[in-house]
Amino acid sequence: MPELDRSRSPLSNSAWRAIDGEATDVLNACLSARRLCDIVHSEDWSRSALPLGSARPLELDACENGRVSVREARPLLEIRVPFALDREVIRELERNSPVPDLGPVAEAAREFARIEDRIIYGGVEGIGAPGLRSHNEHRTLPVPSVTDIPAVSARAVELLRAQGVAGPYAFVPSSTMKTQLLSELLPSGRPVMSHLQRTVDGVGTPTESFDGALVCSLRGGDFRLHLGRGVHISFEWETSDALHFALVQSMALEFGGREAVVCLAAPDGVTVEALPAK
């Protein structure tokens with residue numbers, strides 16, 4: 001996690017290391033969508049937009065021989081998840097307690113991961129920030145039943161290859177679909193998951209961000225996650241009984257093309273509850 005100027009906080013270096021360590025461990029376990037992306041760091045917190053390299057011409061009455069265009073850009077999204085640690089926990093950290101209560105740090109990190117995954121997979125409507133599932137040129141493939149998932153995934157791989165999209169190919173299921181894959185058997189008695197693993201190169205971390213699944217290429221260059229500043233802990237303020245922090249990041253997703261993802265619908269009866277809007 002990036003080092004910051006933390007001179008405003010009353011924490012010792014050892015306390016910061018403990019908080020950073022807890023957040024980093026949870027984020028490494030829970031951040032799944034970014035594993036499909038190339039990560040581009042700029043470490044520029046003031047950056048507000050990602051240039052897309054295109055320009056849209058404008059029609060202006062005052063222009064006779066000249067031409068005016070607006071350069072297109074994608075806004076960087078700022079994620080901020082607050083948490084607080086009470087003074088007694090801070091005292092435990094200062095005494096190098098082996099088991100400090102860092103539950104608020106872990107919960108904030110899990111919430112941060114849920115938000116980032118939702119943005120990367122689903123995008124944000126209305127601001128020109130598409131996601132992997134919304135910004136592709138393939139139709140969503142229907143999946144009649146759980147036992148059909150391997151065959152439909154193989155079809156998705158065929159569609160990618162037909163577009164000249166090389167592998168390796170990853171299958172990323174919803175959490176509920178992953179459970180079904182592990183428990184369902186084919187008529188031959190073999191687990192559905194074992195058959196699926198023969199059709200793709202890897203099964204990615206399951207997610208609660210969407211229903212169904214997606215099959216995408218991991219060849220590189222198709223999805224680039226630009227971080228104006230990567231996830232870090234910011235000290236916000238203190239009160240008499242607690243210190244307040246936030247997990248913070250700015251980000252934008254860039255696409256090298258729209259052909260590297262194929263979405264699969266959820267089989268009948270295999271859905272996840274929609275997460276509440278944040």
# chains A, B, ... in the order shown; residues from 1 in each chain; ligands from 1
$ residues_around --residues "A:Ala154" --least-positions-apart "5" --cutoff "9 Å" --atoms "only C-alpha atoms" --output "PyMOL selection string"
chain A and resi 149+159+196+199-200
$ write_last_selection --atoms "all heavy atoms" --output "CSV table (one decimal), in the first residue's frame"
chain,number,residue,atom,x,y,z
A,149,ILE,N,-23.2,-25.4,-18.6
A,149,ILE,CA,-22.1,-24.4,-18.5
A,149,ILE,C,-20.9,-24.7,-19.2
A,149,ILE,O,-20.3,-23.9,-19.9
A,149,ILE,CB,-21.9,-24.1,-17.0
A,149,ILE,CG1,-23.1,-23.4,-16.3
A,149,ILE,CG2,-20.6,-23.2,-16.8
A,149,ILE,CD1,-23.0,-23.2,-14.9
A,159,LEU,N,-16.2,-18.1,-29.9
A,159,LEU,CA,-16.5,-16.7,-30.3
A,159,LEU,C,-15.3,-15.8,-30.2
A,159,LEU,O,-15.0,-15.0,-31.0
A,159,LEU,CB,-17.7,-16.2,-29.5
A,159,LEU,CG,-19.0,-16.8,-29.7
A,159,LEU,CD1,-20.0,-16.2,-28.8
A,159,LEU,CD2,-19.5,-16.5,-31.2
A,196,LEU,N,-15.8,-28.3,-16.9
A,196,LEU,CA,-15.6,-26.9,-17.3
A,196,LEU,C,-14.1,-26.6,-17.4
A,196,LEU,O,-13.6,-25.9,-18.3
A,196,LEU,CB,-16.2,-26.0,-16.2
A,196,LEU,CG,-15.9,-24.5,-16.3
A,196,LEU,CD1,-16.5,-23.9,-17.6
A,196,LEU,CD2,-16.4,-23.8,-15.1
A,199,THR,N,-12.4,-26.8,-20.6
A,199,THR,CA,-12.8,-25.9,-21.7
A,199,THR,C,-12.2,-24.6,-21.6
A,199,THR,O,-12.1,-23.8,-22.6
A,199,THR,CB,-14.4,-25.8,-21.8
A,199,THR,OG1,-14.8,-25.1,-20.6
A,199,THR,CG2,-15.0,-27.1,-21.8
A,200,VAL,N,-11.7,-24.2,-20.5
A,200,VAL,CA,-11.1,-22.9,-20.3
A,200,VAL,C,-9.7,-23.1,-19.6
A,200,VAL,O,-9.4,-24.2,-19.1
A,200,VAL,CB,-11.9,-21.9,-19.4
A,200,VAL,CG1,-13.2,-21.5,-20.1
A,200,VAL,CG2,-12.2,-22.5,-18.1
$ residues_around --residues "A:Val248" --least-positions-apart "6" --cutoff "12 Å" --atoms "only C-alpha atoms" --output "list in words"
Met1, Pro2, Leu4, Ala23, Trp45, Leu77, Glu78, Ile79, Arg80, Val81, Pro82, Phe83, Ala108, Ala109, Glu111, Phe112, Ala113, Ile115, Glu116, Leu227, Gly228, Arg229, Gly230, Val231, His232, Ile233, Ser234, Phe235 and Glu236 of chain A
$ write_last_selection --atoms "N, CA and C atoms" --output "PDB file, in the first residue's frame"
ATOM      1  N   MET A   1       0.843  -1.183   0.000  1.00  0.00           N
ATOM      2  CA  MET A   1       0.000   0.000   0.000  1.00  0.00           C
ATOM      3  C   MET A   1       0.889   1.247   0.000  1.00  0.00           C
ATOM      4  N   PRO A   2       0.590   2.253  -0.828  1.00  0.00           N
ATOM      5  CA  PRO A   2       1.490   3.400  -0.948  1.00  0.00           C
ATOM      6  C   PRO A   2       1.716   4.110   0.372  1.00  0.00           C
ATOM      7  N   LEU A   4       2.242   7.367   2.601  1.00  0.00           N
ATOM      8  CA  LEU A   4       1.761   8.741   2.537  1.00  0.00           C
ATOM      9  C   LEU A   4       2.433   9.561   3.624  1.00  0.00           C
ATOM     10  N   ALA A  23      -5.337  -4.306   6.297  1.00  0.00           N
ATOM     11  CA  ALA A  23      -6.048  -3.896   5.083  1.00  0.00           C
ATOM     12  C   ALA A  23      -5.476  -4.594   3.854  1.00  0.00           C
ATOM     13  N   TRP A  45      -2.721  12.096  -7.585  1.00  0.00           N
ATOM     14  CA  TRP A  45      -4.033  12.254  -6.977  1.00  0.00           C
ATOM     15  C   TRP A  45      -4.828  13.383  -7.619  1.00  0.00           C
ATOM     16  N   LEU A  77     -12.893   7.768 -11.170  1.00  0.00           N
ATOM     17  CA  LEU A  77     -13.826   7.614 -10.058  1.00  0.00           C
ATOM     18  C   LEU A  77     -13.044   7.556  -8.754  1.00  0.00           C
ATOM     19  N   GLU A  78     -13.547   8.230  -7.759  1.00  0.00           N
ATOM     20  CA  GLU A  78     -12.899   8.231  -6.444  1.00  0.00           C
ATOM     21  C   GLU A  78     -13.688   7.346  -5.488  1.00  0.00           C
ATOM     22  N   ILE A  79     -13.030   6.344  -4.938  1.00  0.00           N
ATOM     23  CA  ILE A  79     -13.627   5.470  -3.934  1.00  0.00           C
ATOM     24  C   ILE A  79     -13.110   5.901  -2.574  1.00  0.00           C
ATOM     25  N   ARG A  80     -14.024   6.029  -1.626  1.00  0.00           N
ATOM     26  CA  ARG A  80     -13.632   6.410  -0.267  1.00  0.00           C
ATOM     27  C   ARG A  80     -14.506   5.624   0.709  1.00  0.00           C
ATOM     28  N   VAL A  81     -13.888   4.766   1.499  1.00  0.00           N
ATOM     29  CA  VAL A  81     -14.614   3.950   2.484  1.00  0.00           C
ATOM     30  C   VAL A  81     -14.093   4.297   3.875  1.00  0.00           C
ATOM     31  N   PRO A  82     -14.912   4.959   4.699  1.00  0.00           N
ATOM     32  CA  PRO A  82     -14.434   5.379   6.019  1.00  0.00           C
ATOM     33  C   PRO A  82     -14.461   4.250   7.043  1.00  0.00           C
ATOM     34  N   PHE A  83     -13.621   4.363   8.049  1.00  0.00           N
ATOM     35  CA  PHE A  83     -13.680   3.477   9.216  1.00  0.00           C
ATOM     36  C   PHE A  83     -13.047   4.208  10.389  1.00  0.00           C
ATOM     37  N   ALA A 108     -13.909  -2.485   6.268  1.00  0.00           N
ATOM     38  CA  ALA A 108     -13.752  -1.415   5.279  1.00  0.00           C
ATOM     39  C   ALA A 108     -13.064  -1.943   4.023  1.00  0.00           C
ATOM     40  N   ALA A 109     -12.067  -2.816   4.195  1.00  0.00           N
ATOM     41  CA  ALA A 109     -11.366  -3.376   3.040  1.00  0.00           C
ATOM     42  C   ALA A 109     -12.289  -4.272   2.218  1.00  0.00           C
ATOM     43  N   GLU A 111     -15.567  -3.948   2.022  1.00  0.00           N
ATOM     44  CA  GLU A 111     -16.489  -3.041   1.344  1.00  0.00           C
ATOM     45  C   GLU A 111     -15.818  -2.378   0.152  1.00  0.00           C
ATOM     46  N   PHE A 112     -14.570  -1.970   0.320  1.00  0.00           N
ATOM     47  CA  PHE A 112     -13.821  -1.368  -0.780  1.00  0.00           C
ATOM     48  C   PHE A 112     -13.740  -2.346  -1.953  1.00  0.00           C
ATOM     49  N   ALA A 113     -13.410  -3.598  -1.672  1.00  0.00           N
ATOM     50  CA  ALA A 113     -13.294  -4.598  -2.735  1.00  0.00           C
ATOM     51  C   ALA A 113     -14.623  -4.806  -3.445  1.00  0.00           C
ATOM     52  N   ILE A 115     -16.996  -2.602  -3.847  1.00  0.00           N
ATOM     53  CA  ILE A 115     -17.252  -1.440  -4.690  1.00  0.00           C
ATOM     54  C   ILE A 115     -16.392  -1.493  -5.952  1.00  0.00           C
ATOM     55  N   GLU A 116     -15.099  -1.764  -5.802  1.00  0.00           N
ATOM     56  CA  GLU A 116     -14.235  -1.797  -6.982  1.00  0.00           C
ATOM     57  C   GLU A 116     -14.682  -2.881  -7.959  1.00  0.00           C
ATOM     58  N   LEU A 227      -4.870   3.756 -12.241  1.00  0.00           N
ATOM     59  CA  LEU A 227      -5.001   4.215 -10.865  1.00  0.00           C
ATOM     60  C   LEU A 227      -4.350   5.579 -10.739  1.00  0.00           C
ATOM     61  N   GLY A 228      -5.205   6.622 -10.541  1.00  0.00           N
ATOM     62  CA  GLY A 228      -4.644   7.940 -10.280  1.00  0.00           C
ATOM     63  C   GLY A 228      -3.796   7.892  -9.025  1.00  0.00           C
ATOM     64  N   ARG A 229      -4.299   7.215  -8.029  1.00  0.00           N
ATOM     65  CA  ARG A 229      -3.522   6.819  -6.867  1.00  0.00           C
ATOM     66  C   ARG A 229      -4.129   5.539  -6.354  1.00  0.00           C
ATOM     67  N   GLY A 230      -3.291   4.525  -6.177  1.00  0.00           N
ATOM     68  CA  GLY A 230      -3.785   3.228  -5.745  1.00  0.00           C
ATOM     69  C   GLY A 230      -4.365   3.296  -4.339  1.00  0.00           C
ATOM     70  N   VAL A 231      -5.030   2.208  -3.957  1.00  0.00           N
ATOM     71  CA  VAL A 231      -5.708   2.180  -2.669  1.00  0.00           C
ATOM     72  C   VAL A 231      -4.712   2.446  -1.535  1.00  0.00           C
ATOM     73  N   HIS A 232      -5.094   3.347  -0.646  1.00  0.00           N
ATOM     74  CA  HIS A 232      -4.253   3.721   0.475  1.00  0.00           C
ATOM     75  C   HIS A 232      -5.134   4.146   1.641  1.00  0.00           C
ATOM     76  N   ILE A 233      -4.550   4.196   2.814  1.00  0.00           N
ATOM     77  CA  ILE A 233      -5.285   4.612   4.004  1.00  0.00           C
ATOM     78  C   ILE A 233      -4.971   6.069   4.289  1.00  0.00           C
ATOM     79  N   SER A 234      -6.017   6.847   4.393  1.00  0.00           N
ATOM     80  CA  SER A 234      -5.884   8.265   4.693  1.00  0.00           C
ATOM     81  C   SER A 234      -6.358   8.520   6.120  1.00  0.00           C
ATOM     82  N   PHE A 235      -5.542   9.206   6.905  1.00  0.00           N
ATOM     83  CA  PHE A 235      -5.992   9.652   8.226  1.00  0.00           C
ATOM     84  C   PHE A 235      -6.864  10.885   8.040  1.00  0.00           C
ATOM     85  N   GLU A 236      -8.078  10.850   8.609  1.00  0.00           N
ATOM     86  CA  GLU A 236      -9.047  11.914   8.386  1.00  0.00           C
ATOM     87  C   GLU A 236      -9.094  12.908   9.554  1.00  0.00           C
TER      88      GLU A 236
END
$ select_by_dssp --residues "stretch 15-247 of chain A" --states "strand (DSSP E)" --output "number ranges by chain"
A: 38-41, 49-58, 68-75, 77-86, 169-173, 202-203, 213-217, 223-238, 242-247
$ select_by_dssp --residues "stretch 180-219 of chain A" --states "alpha helix (DSSP H)" --output "PyMOL selection string"
chain A and resi 180-183+192-196
$ closest_residue --among "A:Ser209, A:Thr239, A:Thr176, A:Ser12" --to "A:Ser32" --atoms "only C-alpha atoms"
A:Ser209
$ atom_distance --atom1 "atom CA of A:Pro10" --atom2 "atom CA of A:Asn28"
27.0 Å
$ closest_residue --among "A:Ala73, A:Val124, A:Leu253, A:Leu36" --to "A:Gly53" --atoms "only C-alpha atoms"
A:Ala73
$ atom_distance --atom1 "atom CA of A:His195" --atom2 "atom CA of A:Leu181"
9.8 Å
$ decode --residues "stretch 108-154 of chain A" --atoms "N, CA and C atoms" --output "CSV table (one decimal), in the first residue's frame"
chain,number,residue,atom,x,y,z
A,108,ALA,N,-13.9,-2.5,6.3
A,108,ALA,CA,-13.8,-1.4,5.3
A,108,ALA,C,-13.1,-1.9,4.0
A,109,ALA,N,-12.1,-2.8,4.2
A,109,ALA,CA,-11.4,-3.4,3.0
A,109,ALA,C,-12.3,-4.3,2.2
A,110,ARG,N,-13.1,-5.1,2.9
A,110,ARG,CA,-14.1,-5.9,2.2
A,110,ARG,C,-15.1,-5.0,1.4
A,111,GLU,N,-15.6,-3.9,2.0
A,111,GLU,CA,-16.5,-3.0,1.3
A,111,GLU,C,-15.8,-2.4,0.2
A,112,PHE,N,-14.6,-2.0,0.3
A,112,PHE,CA,-13.8,-1.4,-0.8
A,112,PHE,C,-13.7,-2.3,-2.0
A,113,ALA,N,-13.4,-3.6,-1.7
A,113,ALA,CA,-13.3,-4.6,-2.7
A,113,ALA,C,-14.6,-4.8,-3.4
A,114,ARG,N,-15.7,-4.8,-2.7
A,114,ARG,CA,-17.1,-5.0,-3.3
A,114,ARG,C,-17.3,-3.8,-4.3
A,115,ILE,N,-17.0,-2.6,-3.8
A,115,ILE,CA,-17.3,-1.4,-4.7
A,115,ILE,C,-16.4,-1.5,-6.0
A,116,GLU,N,-15.1,-1.8,-5.8
A,116,GLU,CA,-14.2,-1.8,-7.0
A,116,GLU,C,-14.7,-2.9,-8.0
A,117,ASP,N,-15.0,-4.1,-7.4
A,117,ASP,CA,-15.5,-5.1,-8.3
A,117,ASP,C,-16.7,-4.7,-9.1
A,118,ARG,N,-17.7,-4.1,-8.4
A,118,ARG,CA,-18.9,-3.7,-9.1
A,118,ARG,C,-18.6,-2.7,-10.2
A,119,ILE,N,-17.7,-1.7,-9.9
A,119,ILE,CA,-17.3,-0.8,-11.0
A,119,ILE,C,-16.6,-1.4,-12.2
A,120,ILE,N,-15.7,-2.3,-11.9
A,120,ILE,CA,-14.9,-2.9,-13.0
A,120,ILE,C,-15.9,-3.8,-13.8
A,121,TYR,N,-16.7,-4.6,-13.2
A,121,TYR,CA,-17.6,-5.5,-13.9
A,121,TYR,C,-18.7,-4.8,-14.6
A,122,GLY,N,-19.4,-3.9,-13.8
A,122,GLY,CA,-20.6,-3.3,-14.3
A,122,GLY,C,-20.6,-1.9,-14.8
A,123,GLY,N,-19.5,-1.2,-14.5
A,123,GLY,CA,-19.4,0.2,-14.9
A,123,GLY,C,-20.3,1.1,-14.1
A,124,VAL,N,-20.4,2.3,-14.4
A,124,VAL,CA,-21.3,3.3,-13.8
A,124,VAL,C,-22.0,4.0,-15.0
A,125,GLU,N,-23.3,3.9,-15.0
A,125,GLU,CA,-24.1,4.5,-16.1
A,125,GLU,C,-24.2,6.0,-16.0
A,126,GLY,N,-24.3,6.6,-17.1
A,126,GLY,CA,-24.5,8.1,-17.2
A,126,GLY,C,-23.3,9.0,-17.1
A,127,ILE,N,-22.1,8.4,-16.9
A,127,ILE,CA,-20.9,9.2,-16.8
A,127,ILE,C,-19.8,8.8,-17.8
A,128,GLY,N,-20.1,7.9,-18.7
A,128,GLY,CA,-19.1,7.4,-19.6
A,128,GLY,C,-18.1,6.5,-18.9
A,129,ALA,N,-18.5,5.6,-18.0
A,129,ALA,CA,-17.6,4.7,-17.3
A,129,ALA,C,-18.1,3.3,-17.5
A,130,PRO,N,-17.8,2.7,-18.6
A,130,PRO,CA,-18.4,1.3,-18.8
A,130,PRO,C,-17.6,0.3,-18.0
A,131,GLY,N,-18.2,-0.9,-17.9
A,131,GLY,CA,-17.5,-2.0,-17.2
A,131,GLY,C,-17.3,-3.2,-18.2
A,132,LEU,N,-16.7,-4.3,-17.7
A,132,LEU,CA,-16.4,-5.4,-18.5
A,132,LEU,C,-17.6,-6.1,-19.1
A,133,ARG,N,-18.7,-6.1,-18.3
A,133,ARG,CA,-19.9,-6.8,-18.8
A,133,ARG,C,-20.8,-5.9,-19.7
A,134,SER,N,-20.6,-4.6,-19.5
A,134,SER,CA,-21.5,-3.7,-20.3
A,134,SER,C,-20.8,-3.2,-21.6
A,135,HIS,N,-19.5,-3.4,-21.7
A,135,HIS,CA,-18.7,-2.8,-22.8
A,135,HIS,C,-18.1,-3.9,-23.6
A,136,ASN,N,-19.0,-4.7,-24.3
A,136,ASN,CA,-18.5,-5.8,-25.2
A,136,ASN,C,-19.4,-5.9,-26.3
A,137,GLU,N,-18.9,-6.5,-27.4
A,137,GLU,CA,-19.7,-6.6,-28.6
A,137,GLU,C,-20.4,-7.9,-28.9
A,138,HIS,N,-20.3,-8.8,-27.9
A,138,HIS,CA,-21.0,-10.1,-28.0
A,138,HIS,C,-22.3,-10.1,-27.3
A,139,ARG,N,-23.3,-10.8,-27.8
A,139,ARG,CA,-24.5,-11.0,-27.1
A,139,ARG,C,-24.3,-12.0,-25.9
A,140,THR,N,-25.1,-11.8,-24.9
A,140,THR,CA,-25.1,-12.7,-23.8
A,140,THR,C,-25.6,-14.1,-24.1
A,141,LEU,N,-24.8,-15.1,-23.8
A,141,LEU,CA,-25.2,-16.5,-24.2
A,141,LEU,C,-26.1,-17.1,-23.1
A,142,PRO,N,-27.2,-17.6,-23.6
A,142,PRO,CA,-28.1,-18.3,-22.6
A,142,PRO,C,-27.5,-19.6,-22.1
A,143,VAL,N,-27.8,-19.9,-20.8
A,143,VAL,CA,-27.4,-21.1,-20.2
A,143,VAL,C,-28.6,-21.9,-19.6
A,144,PRO,N,-29.1,-22.9,-20.3
A,144,PRO,CA,-30.3,-23.6,-19.9
A,144,PRO,C,-30.2,-24.2,-18.5
A,145,SER,N,-29.1,-24.8,-18.2
A,145,SER,CA,-28.9,-25.4,-16.9
A,145,SER,C,-27.5,-25.4,-16.5
A,146,VAL,N,-27.2,-25.8,-15.2
A,146,VAL,CA,-25.8,-25.8,-14.7
A,146,VAL,C,-25.0,-26.8,-15.5
A,147,THR,N,-25.6,-27.9,-15.9
A,147,THR,CA,-24.8,-28.9,-16.6
A,147,THR,C,-24.4,-28.4,-18.0
A,148,ASP,N,-25.1,-27.4,-18.5
A,148,ASP,CA,-24.7,-26.8,-19.8
A,148,ASP,C,-23.6,-25.8,-19.8
A,149,ILE,N,-23.2,-25.4,-18.6
A,149,ILE,CA,-22.1,-24.4,-18.5
A,149,ILE,C,-20.9,-24.7,-19.2
A,150,PRO,N,-20.3,-25.9,-19.1
A,150,PRO,CA,-19.1,-26.2,-19.9
A,150,PRO,C,-19.3,-26.0,-21.4
A,151,ALA,N,-20.4,-26.5,-21.9
A,151,ALA,CA,-20.6,-26.4,-23.4
A,151,ALA,C,-20.8,-24.9,-23.8
A,152,VAL,N,-21.5,-24.1,-23.0
A,152,VAL,CA,-21.7,-22.7,-23.3
A,152,VAL,C,-20.4,-22.0,-23.2
A,153,SER,N,-19.5,-22.3,-22.2
A,153,SER,CA,-18.2,-21.7,-22.1
A,153,SER,C,-17.3,-22.0,-23.2
A,154,ALA,N,-17.4,-23.3,-23.7
A,154,ALA,CA,-16.6,-23.6,-24.9
A,154,ALA,C,-17.1,-22.8,-26.1
